[in-house]
file protein-v4.txt (compact mmCIF, C-alpha atoms and all ligand atoms)
# COMPACT_ATOMS: atom_id res chain seq x y z
CA MET P 430 -38.76 -126.93 47.84
CA GLN P 431 -41.04 -124.15 49.10
CA THR P 432 -42.43 -122.11 46.21
CA PRO P 433 -44.43 -118.91 46.49
CA LYS P 434 -48.10 -118.90 45.58
CA HIS P 435 -47.96 -115.19 44.77
CA ILE P 436 -44.93 -113.34 43.39
CA ALA P 437 -45.10 -109.55 43.04
CA ILE P 438 -42.46 -107.61 41.13
CA ILE P 439 -41.44 -103.95 41.16
CA MET P 440 -40.11 -103.70 37.61
CA ASP P 441 -37.53 -100.93 38.02
CA GLY P 442 -34.60 -99.72 35.94
CA ASN P 443 -36.06 -99.14 32.47
CA GLY P 444 -34.98 -95.48 32.35
CA ARG P 445 -31.41 -96.20 33.44
CA TRP P 446 -31.17 -99.08 30.98
CA ALA P 447 -32.02 -96.68 28.13
CA SER P 448 -29.90 -93.74 29.40
CA LYS P 449 -26.82 -95.97 29.66
CA ARG P 450 -27.21 -96.63 25.94
CA GLY P 451 -27.94 -93.00 25.00
CA LEU P 452 -31.52 -93.96 24.14
CA PRO P 453 -34.79 -92.24 25.13
CA ARG P 454 -36.42 -93.57 28.30
CA SER P 455 -39.42 -94.73 26.27
CA LEU P 456 -37.20 -97.34 24.59
CA GLY P 457 -36.32 -98.63 28.05
CA HIS P 458 -40.02 -99.16 28.70
CA ILE P 459 -40.43 -101.02 25.39
CA GLU P 460 -37.57 -103.35 26.39
CA GLY P 461 -39.08 -103.59 29.88
CA GLU P 462 -42.32 -104.83 28.38
CA LYS P 463 -40.40 -107.64 26.63
CA ALA P 464 -38.79 -108.57 29.94
CA ALA P 465 -42.25 -108.69 31.52
CA GLU P 466 -43.35 -111.18 28.84
CA ARG P 467 -40.33 -113.39 29.58
CA ILE P 468 -41.10 -113.37 33.28
CA ILE P 469 -44.82 -114.08 32.75
CA GLU P 470 -43.85 -117.06 30.58
CA ARG P 471 -41.44 -118.45 33.17
CA ALA P 472 -43.90 -117.94 36.05
CA HIS P 473 -46.59 -119.68 34.00
CA SER P 474 -44.36 -122.62 33.13
CA LEU P 475 -43.46 -122.94 36.83
CA ASN P 476 -47.18 -123.05 37.71
CA ILE P 477 -47.05 -119.95 39.92
CA PRO P 478 -50.75 -119.21 40.61
CA TYR P 479 -50.48 -115.42 41.10
CA LEU P 480 -48.09 -112.89 39.55
CA THR P 481 -48.34 -109.14 40.10
CA LEU P 482 -46.31 -106.67 38.04
CA TYR P 483 -45.97 -103.03 39.10
CA ALA P 484 -46.12 -101.16 35.79
CA LEU P 485 -46.90 -97.56 36.81
CA SER P 486 -47.33 -95.79 40.14
CA ILE P 487 -49.54 -92.78 40.79
CA ASP P 488 -46.37 -90.77 41.48
CA ASN P 489 -45.01 -91.82 38.06
CA LEU P 490 -47.79 -89.67 36.55
CA LYS P 491 -45.65 -86.64 37.49
CA ARG P 492 -43.10 -87.64 34.82
CA ASP P 493 -43.00 -86.06 31.34
CA LYS P 494 -46.26 -86.56 29.48
CA GLU P 495 -44.44 -88.22 26.59
CA GLU P 496 -42.97 -90.93 28.84
CA VAL P 497 -46.25 -91.56 30.65
CA ASP P 498 -48.29 -91.64 27.40
CA GLY P 499 -45.77 -94.11 26.00
CA ILE P 500 -46.37 -96.45 28.95
CA PHE P 501 -50.17 -96.19 28.61
CA ASN P 502 -49.86 -97.01 24.89
CA LEU P 503 -47.62 -100.00 25.65
CA LEU P 504 -50.28 -101.29 28.05
CA ILE P 505 -52.79 -101.33 25.19
CA SER P 506 -50.56 -103.92 23.51
CA ILE P 507 -51.70 -106.39 26.20
CA GLU P 508 -54.95 -106.51 24.23
CA THR P 509 -53.62 -106.10 20.72
CA ALA P 510 -50.57 -108.38 20.93
CA TYR P 511 -50.97 -110.56 24.01
CA LEU P 512 -54.65 -111.44 24.55
CA GLU P 513 -54.42 -114.57 22.41
CA LYS P 514 -51.49 -115.84 24.48
CA LEU P 515 -53.34 -115.16 27.74
CA GLN P 516 -56.24 -117.26 26.48
CA LYS P 517 -54.00 -120.05 25.22
CA ASN P 518 -52.14 -120.18 28.54
CA ASN P 519 -55.32 -119.91 30.62
CA ILE P 520 -54.18 -116.67 32.32
CA ARG P 521 -56.64 -114.24 33.91
CA LEU P 522 -55.75 -110.54 33.83
CA LEU P 523 -56.73 -108.20 36.66
CA ILE P 524 -56.06 -104.49 36.93
CA LEU P 525 -54.75 -103.34 40.32
CA GLY P 526 -54.90 -99.58 40.82
CA ASN P 527 -57.00 -96.45 40.56
CA ARG P 528 -59.08 -96.81 37.40
CA ASP P 529 -60.16 -93.15 37.57
CA LEU P 530 -56.57 -92.16 36.75
CA ILE P 531 -56.10 -94.48 33.74
CA PRO P 532 -56.82 -92.80 30.35
CA ARG P 533 -60.05 -94.00 28.76
CA ASN P 534 -58.56 -95.82 25.77
CA THR P 535 -56.09 -97.79 27.92
CA LEU P 536 -58.75 -98.60 30.52
CA PHE P 537 -61.26 -99.64 27.85
CA SER P 538 -58.71 -101.97 26.28
CA LEU P 539 -57.57 -103.54 29.57
CA GLU P 540 -61.11 -103.94 30.88
CA ARG P 541 -61.90 -105.85 27.71
CA VAL P 542 -58.96 -108.19 28.45
CA GLU P 543 -60.22 -108.56 32.03
CA ARG P 544 -63.67 -109.56 30.76
CA GLU P 545 -62.37 -111.93 28.09
CA THR P 546 -59.99 -113.73 30.48
CA ARG P 547 -62.17 -113.72 33.60
CA LEU P 548 -62.74 -117.49 33.59
CA ASN P 549 -59.06 -118.40 33.09
CA ARG P 550 -57.63 -120.02 36.17
CA GLN P 551 -54.15 -121.46 35.63
CA MET P 552 -52.55 -118.16 36.58
CA THR P 553 -53.80 -114.75 37.66
CA LEU P 554 -51.76 -111.83 36.34
CA GLN P 555 -52.34 -108.56 38.18
CA ILE P 556 -50.98 -105.47 36.47
CA ALA P 557 -50.57 -102.56 38.88
CA ILE P 558 -51.33 -99.36 36.97
CA CYS P 559 -51.84 -95.93 38.52
CA TYR P 560 -51.28 -97.86 41.73
CA ASP P 561 -50.24 -96.65 45.13
CA GLY P 562 -50.70 -98.67 48.30
CA GLN P 563 -51.84 -95.68 50.35
CA ASP P 564 -54.36 -94.78 47.64
CA GLU P 565 -55.69 -98.37 47.65
CA ILE P 566 -56.20 -98.13 51.43
CA LEU P 567 -57.94 -94.75 51.06
CA ARG P 568 -60.27 -96.12 48.38
CA ALA P 569 -60.97 -99.19 50.54
CA LEU P 570 -61.93 -96.92 53.45
CA LYS P 571 -64.41 -95.11 51.24
CA LYS P 572 -65.91 -98.41 50.00
CA ALA P 573 -66.17 -99.65 53.59
CA GLU P 574 -67.89 -96.50 54.84
CA ASN P 575 -71.30 -98.14 55.25
CA HIS P 576 -69.95 -101.59 56.19
CA LEU P 577 -67.83 -100.83 59.24
CA ASP P 578 -69.58 -103.57 61.26
CA GLU P 579 -68.08 -106.10 58.79
CA ILE P 580 -64.57 -105.07 59.83
CA GLN P 581 -63.70 -106.91 63.03
CA ARG P 582 -60.12 -108.01 62.30
CA PRO P 583 -57.37 -106.36 60.24
CA SER P 584 -57.73 -109.01 57.54
CA ASP P 585 -61.35 -107.89 57.00
CA ILE P 586 -60.02 -104.60 55.61
CA ALA P 587 -58.65 -106.54 52.62
CA LYS P 588 -62.23 -107.35 51.55
CA PHE P 589 -62.47 -103.78 50.32
CA PHE P 590 -59.28 -103.78 48.28
CA ASP P 591 -59.21 -103.83 44.48
CA ASN P 592 -58.97 -107.61 44.01
CA PRO P 593 -59.98 -109.18 47.31
CA ASP P 594 -59.66 -112.78 46.12
CA VAL P 595 -55.93 -112.40 45.41
CA PRO P 596 -53.82 -113.58 48.37
CA ALA P 597 -51.01 -111.47 49.85
CA PRO P 598 -47.70 -111.83 48.00
CA ASP P 599 -45.30 -114.39 49.46
CA LEU P 600 -42.37 -112.83 47.64
CA ILE P 601 -41.83 -109.24 46.52
CA ILE P 602 -38.95 -108.76 44.09
CA ARG P 603 -37.46 -105.43 43.01
CA SER P 604 -35.08 -105.08 40.08
CA GLY P 605 -32.79 -102.11 39.44
CA GLY P 606 -30.93 -101.90 42.74
CA GLU P 607 -33.18 -99.63 44.84
CA LYS P 608 -34.15 -101.08 48.20
CA ARG P 609 -37.60 -99.70 48.85
CA LEU P 610 -41.24 -100.50 48.12
CA SER P 611 -42.20 -97.13 46.56
CA GLY P 612 -45.83 -97.51 47.63
CA PHE P 613 -46.21 -101.10 46.46
CA MET P 614 -48.74 -103.33 48.26
CA LEU P 615 -48.24 -101.65 51.61
CA PHE P 616 -50.96 -103.55 53.44
CA HIS P 617 -50.40 -106.91 51.71
CA SER P 618 -46.61 -106.92 52.21
CA CYS P 619 -46.91 -107.45 55.99
CA TYR P 620 -45.13 -110.86 55.90
CA SER P 621 -43.86 -110.92 52.32
CA GLU P 622 -40.28 -111.99 51.78
CA LEU P 623 -38.36 -109.18 50.06
CA ALA P 624 -35.67 -109.68 47.44
CA PHE P 625 -33.68 -106.92 45.76
CA TYR P 626 -31.49 -107.38 42.68
CA ASP P 627 -29.22 -104.89 40.92
CA LYS P 628 -30.02 -106.11 37.40
CA LEU P 629 -32.05 -103.50 35.50
CA TRP P 630 -35.50 -104.71 34.49
CA PRO P 631 -35.01 -104.87 30.67
CA ASP P 632 -32.15 -107.35 31.28
CA TRP P 633 -34.36 -109.79 33.19
CA ASN P 634 -35.11 -113.24 31.86
CA GLY P 635 -36.47 -116.49 33.24
CA GLU P 636 -33.17 -117.34 34.90
CA MET P 637 -33.45 -114.29 37.15
CA LEU P 638 -36.83 -115.55 38.31
CA ASP P 639 -35.27 -118.97 38.98
CA LEU P 640 -32.57 -117.24 41.04
CA ALA P 641 -35.18 -115.35 43.09
CA LEU P 642 -37.07 -118.60 43.67
CA ASP P 643 -33.90 -120.35 44.86
CA ASP P 644 -33.33 -117.47 47.25
CA TYR P 645 -36.95 -117.67 48.47
CA SER P 646 -36.67 -121.43 49.07
CA THR P 647 -34.00 -120.78 51.72
CA ARG P 648 -36.09 -118.28 53.69
CA GLU P 649 -37.68 -119.32 56.94
CA ARG P 650 -41.12 -117.78 57.21
CA LYS P 651 -42.14 -117.45 60.82
CA PHE P 652 -45.19 -115.15 60.87
CA GLY P 653 -44.28 -114.08 64.39
CA LYS P 654 -43.73 -117.57 65.77
CA ALA P 655 -40.51 -118.70 67.43
CA ALA P 656 -37.72 -119.93 65.16
CA ASN P 657 -37.68 -123.60 64.23
CA VAL P 658 -34.25 -124.50 65.69
CA GLY P 659 -32.18 -127.65 66.02
CA ASN P 660 -32.98 -131.21 65.01
CA ASN P 661 -35.73 -131.87 67.56
C1 LIG Z 701 -39.54 -98.61 36.07
O1 LIG Z 701 -38.42 -98.05 35.52
C2 LIG Z 701 -40.79 -98.35 35.28
C3 LIG Z 701 -41.59 -97.26 35.82
C4 LIG Z 701 -41.44 -96.72 36.98
C5 LIG Z 701 -42.66 -96.77 34.99
P1 LIG Z 701 -38.01 -96.54 35.74
O2 LIG Z 701 -38.62 -95.76 34.61
O3 LIG Z 701 -38.32 -96.05 37.10
O4 LIG Z 701 -36.46 -96.67 35.52
P2 LIG Z 701 -35.32 -95.92 36.32
O5 LIG Z 701 -35.51 -96.24 37.78
O6 LIG Z 701 -35.47 -94.47 36.03
O7 LIG Z 701 -34.08 -96.52 35.77
C1 LIG Z 702 -41.60 -97.77 41.38
O1 LIG Z 702 -40.48 -97.32 40.73
C2 LIG Z 702 -42.76 -97.87 40.45
C3 LIG Z 702 -42.65 -98.89 39.40
C4 LIG Z 702 -41.67 -99.72 39.21
C5 LIG Z 702 -43.77 -98.97 38.52
P1 LIG Z 702 -39.99 -95.80 40.77
O2 LIG Z 702 -38.79 -95.74 39.93
O3 LIG Z 702 -41.12 -94.90 40.42
O4 LIG Z 702 -39.66 -95.59 42.31
P2 LIG Z 702 -38.73 -94.54 43.03
O5 LIG Z 702 -39.14 -93.18 42.55
O6 LIG Z 702 -37.32 -94.88 42.64
O7 LIG Z 702 -38.95 -94.77 44.50
MG MG Z 703 -37.24 -96.18 38.84
call {"tool": "encode", "arguments": {"input": "protein-v4.txt", "output": "structure tokens"}}
result
Amino acid sequence: MQTPKHIAIIMDGNGRWASKRGLPRSLGHIEGEKAAERIIERAHSLNIPYLTLYALSIDNLKRDKEEVDGIFNLLISIETAYLEKLQKNNIRLLILGNRDLIPRNTLFSLERVERETRLNRQMTLQIAICYDGQDEILRALKKAENHLDEIQRPSDIAKFFDNPDVPAPDLIIRSGGEKRLSGFMLFHSCYSELAFYDKLWPDWNGEMLDLALDDYSTRERKFGKAANVGNN
């Protein structure tokens, strides 16, 4: 069965999950964080080498301060409540996104987790925070300013992205029913398989990931080549 090397997930639907229950949106994000842990565990037990989770976009910073601050505080719990598990499971954490836009205390905490887990290799977990694909391309252009001779092919552009050693996602999943990328991995998604599910993110568990992987296993990836038809 074909399995993806890199799964990237747009974790959407936390706000609606909470509103449906008459709860504040921040509670939806707390439940969403638990769902993220379930998915990380399943991906790890399935030996998926790379998992990227879209936690906060740059455009999400326009939301109420209380909601955004709540998300930044939840991200600190990666260090306070989850670092030990990352070490035990040999998982490396990488931040994907614009570090200049992440509040100091959250950045300090996550950079510590990055340092502490840098040698872990069973799985790489990228957390996209203050991320926007267009912004990543803009920042790459600025980094490449004095190295333009090193860019001969489109793939060379990726050398200037946030985490150049992470391969492009094979599968991009979005929960919560919307069928769009909302700025996620715009360059890297060139040949990614896309899968959209109605289930709101806080309701996700390992079985949803299994379902997405079953779906992925039926896809024919052609990368521009002619279809593989018939029995010949
Ligand atoms: C995804 O859930 C998490 C973030 C974007 C931070 P939303 O908060 O967008 O949830 P909905 O789409 O409003 O339900
Ligand atoms: C995308 O979700 C960002 C994350 C899941 C972190 P949004 O809820 O912000 O996207 P739109 O506004 O529906 O496109
Ligand atoms: Mg949303």
call {"tool": "axis_aligned_box", "arguments": {"input": "protein-v4.txt", "around": "ligand LIG 701 (chain Z)", "padding_each_side": "6 Å", "output": "lines of an AutoDock Vina configuration file"}}
result
center_x = -38.4
center_y = -96.5
center_z = 36.2
size_x = 20.6
size_y = 16.1
size_z = 15.2
call {"tool": "residues_near_ligand", "arguments": {"input": "protein-v4.txt", "ligand": "ligand LIG 701 (chain Z)", "cutoff": "10 Å", "atoms": "all atoms listed in the file", "output": "ChimeraX atom specification"}}
result
/P:439-449,454-455,457-458,461-462,483-490,492,496-497,499-501,558-559,603-607,611,629-631
call {"tool": "residues_near_point", "arguments": {"input": "protein-v4.txt", "point": "(-54.1, -93.5, 30.3)", "cutoff": "9 Å", "atoms": "all atoms listed in the file", "output": "PDB file with C-alpha atoms, in the frame of the given file"}}
result
ATOM      1  CA  VAL P 497     -46.250 -91.560  30.650  1.00  0.00           C
ATOM      2  CA  ASP P 498     -48.290 -91.640  27.400  1.00  0.00           C
ATOM      3  CA  ILE P 500     -46.370 -96.450  28.950  1.00  0.00           C
ATOM      4  CA  PHE P 501     -50.170 -96.190  28.610  1.00  0.00           C
ATOM      5  CA  ASN P 502     -49.860 -97.010  24.890  1.00  0.00           C
ATOM      6  CA  LEU P 504     -50.280-101.290  28.050  1.00  0.00           C
ATOM      7  CA  LEU P 530     -56.570 -92.160  36.750  1.00  0.00           C
ATOM      8  CA  ILE P 531     -56.100 -94.480  33.740  1.00  0.00           C
ATOM      9  CA  PRO P 532     -56.820 -92.800  30.350  1.00  0.00           C
ATOM     10  CA  ARG P 533     -60.050 -94.000  28.760  1.00  0.00           C
ATOM     11  CA  ASN P 534     -58.560 -95.820  25.770  1.00  0.00           C
ATOM     12  CA  THR P 535     -56.090 -97.790  27.920  1.00  0.00           C
ATOM     13  CA  LEU P 536     -58.750 -98.600  30.520  1.00  0.00           C
ATOM     14  CA  CYS P 559     -51.840 -95.930  38.520  1.00  0.00           C
TER      15      CYS P 559
END
call {"tool": "residues_around", "arguments": {"input": "protein-v4.txt", "residues": "stretch 527-529 of chain P", "least_positions_apart": "6", "cutoff": "12 Å", "atoms": "all atoms listed in the file", "output": "ChimeraX atom specification"}}
result
/P:485-487,535-537,539-540,556-569,590-592
call {"tool": "atom_distance", "arguments": {"input": "protein-v4.txt", "atom1": "atom CA of P:Asn575", "atom2": "atom CA of P:Val595"}}
result
23.2 Å
call {"tool": "atom_distance", "arguments": {"input": "protein-v4.txt", "atom1": "atom CA of P:Gly653", "atom2": "atom CA of P:Leu570"}}
result
26.9 Å
call {"tool": "closest_residue", "arguments": {"input": "protein-v4.txt", "among": "P:Tyr645, P:Lys572, P:Lys608, P:Ile505", "to": "ligand MG 703 (chain Z)", "atoms": "all atoms listed in the file"}}
result
P:Lys608
call {"tool": "atom_distance", "arguments": {"input": "protein-v4.txt", "atom1": "atom CA of P:Thr546", "atom2": "atom CA of P:Leu512"}}
result
8.3 Å
call {"tool": "residues_near_point", "arguments": {"input": "protein-v4.txt", "point": "(-49.1, -115.0, 38.1)", "cutoff": "8 Å", "atoms": "all atoms listed in the file", "output": "list of chain:residue names"}}
result
P:His435, P:Ile436, P:Ile469, P:Ala472, P:His473, P:Ile477, P:Pro478, P:Tyr479, P:Leu480, P:Thr481, P:Ile520, P:Met552, P:Thr553, P:Leu554, P:Gln555
call {"tool": "write_last_selection", "arguments": {"input": "protein-v4.txt", "atoms": "C-alpha atoms", "output": "short mmCIF file (atom, residue, chain, number, x, y, z; two decimals), keeping the file's coordinate frame"}}
result
data_model
loop_
_atom_site.label_atom_id
_atom_site.label_comp_id
_atom_site.auth_asym_id
_atom_site.auth_seq_id
_atom_site.Cartn_x
_atom_site.Cartn_y
_atom_site.Cartn_z
CA HIS P 435 -47.96 -115.19 44.77
CA ILE P 436 -44.93 -113.34 43.39
CA ILE P 469 -44.82 -114.08 32.75
CA ALA P 472 -43.90 -117.94 36.05
CA HIS P 473 -46.59 -119.68 34.00
CA ILE P 477 -47.05 -119.95 39.92
CA PRO P 478 -50.75 -119.21 40.61
CA TYR P 479 -50.48 -115.42 41.10
CA LEU P 480 -48.09 -112.89 39.55
CA THR P 481 -48.34 -109.14 40.10
CA ILE P 520 -54.18 -116.67 32.32
CA MET P 552 -52.55 -118.16 36.58
CA THR P 553 -53.80 -114.75 37.66
CA LEU P 554 -51.76 -111.83 36.34
CA GLN P 555 -52.34 -108.56 38.18
#
call {"tool": "closest_residue", "arguments": {"input": "protein-v4.txt", "among": "P:Ala597, P:Leu638, P:Leu523, P:Asp632", "to": "P:Leu475", "atoms": "only C-alpha atoms"}}
result
P:Leu638
call {"tool": "closest_residue", "arguments": {"input": "protein-v4.txt", "among": "P:Leu456, P:Ser474, P:Met614, P:Asn549", "to": "P:Leu525", "atoms": "only C-alpha atoms"}}
result
P:Met614
call {"tool": "closest_residue", "arguments": {"input": "protein-v4.txt", "among": "P:Gly635, P:Gly526, P:Pro583, P:Pro596", "to": "ligand LIG 702 (chain Z)", "atoms": "all atoms listed in the file"}}
result
P:Gly526
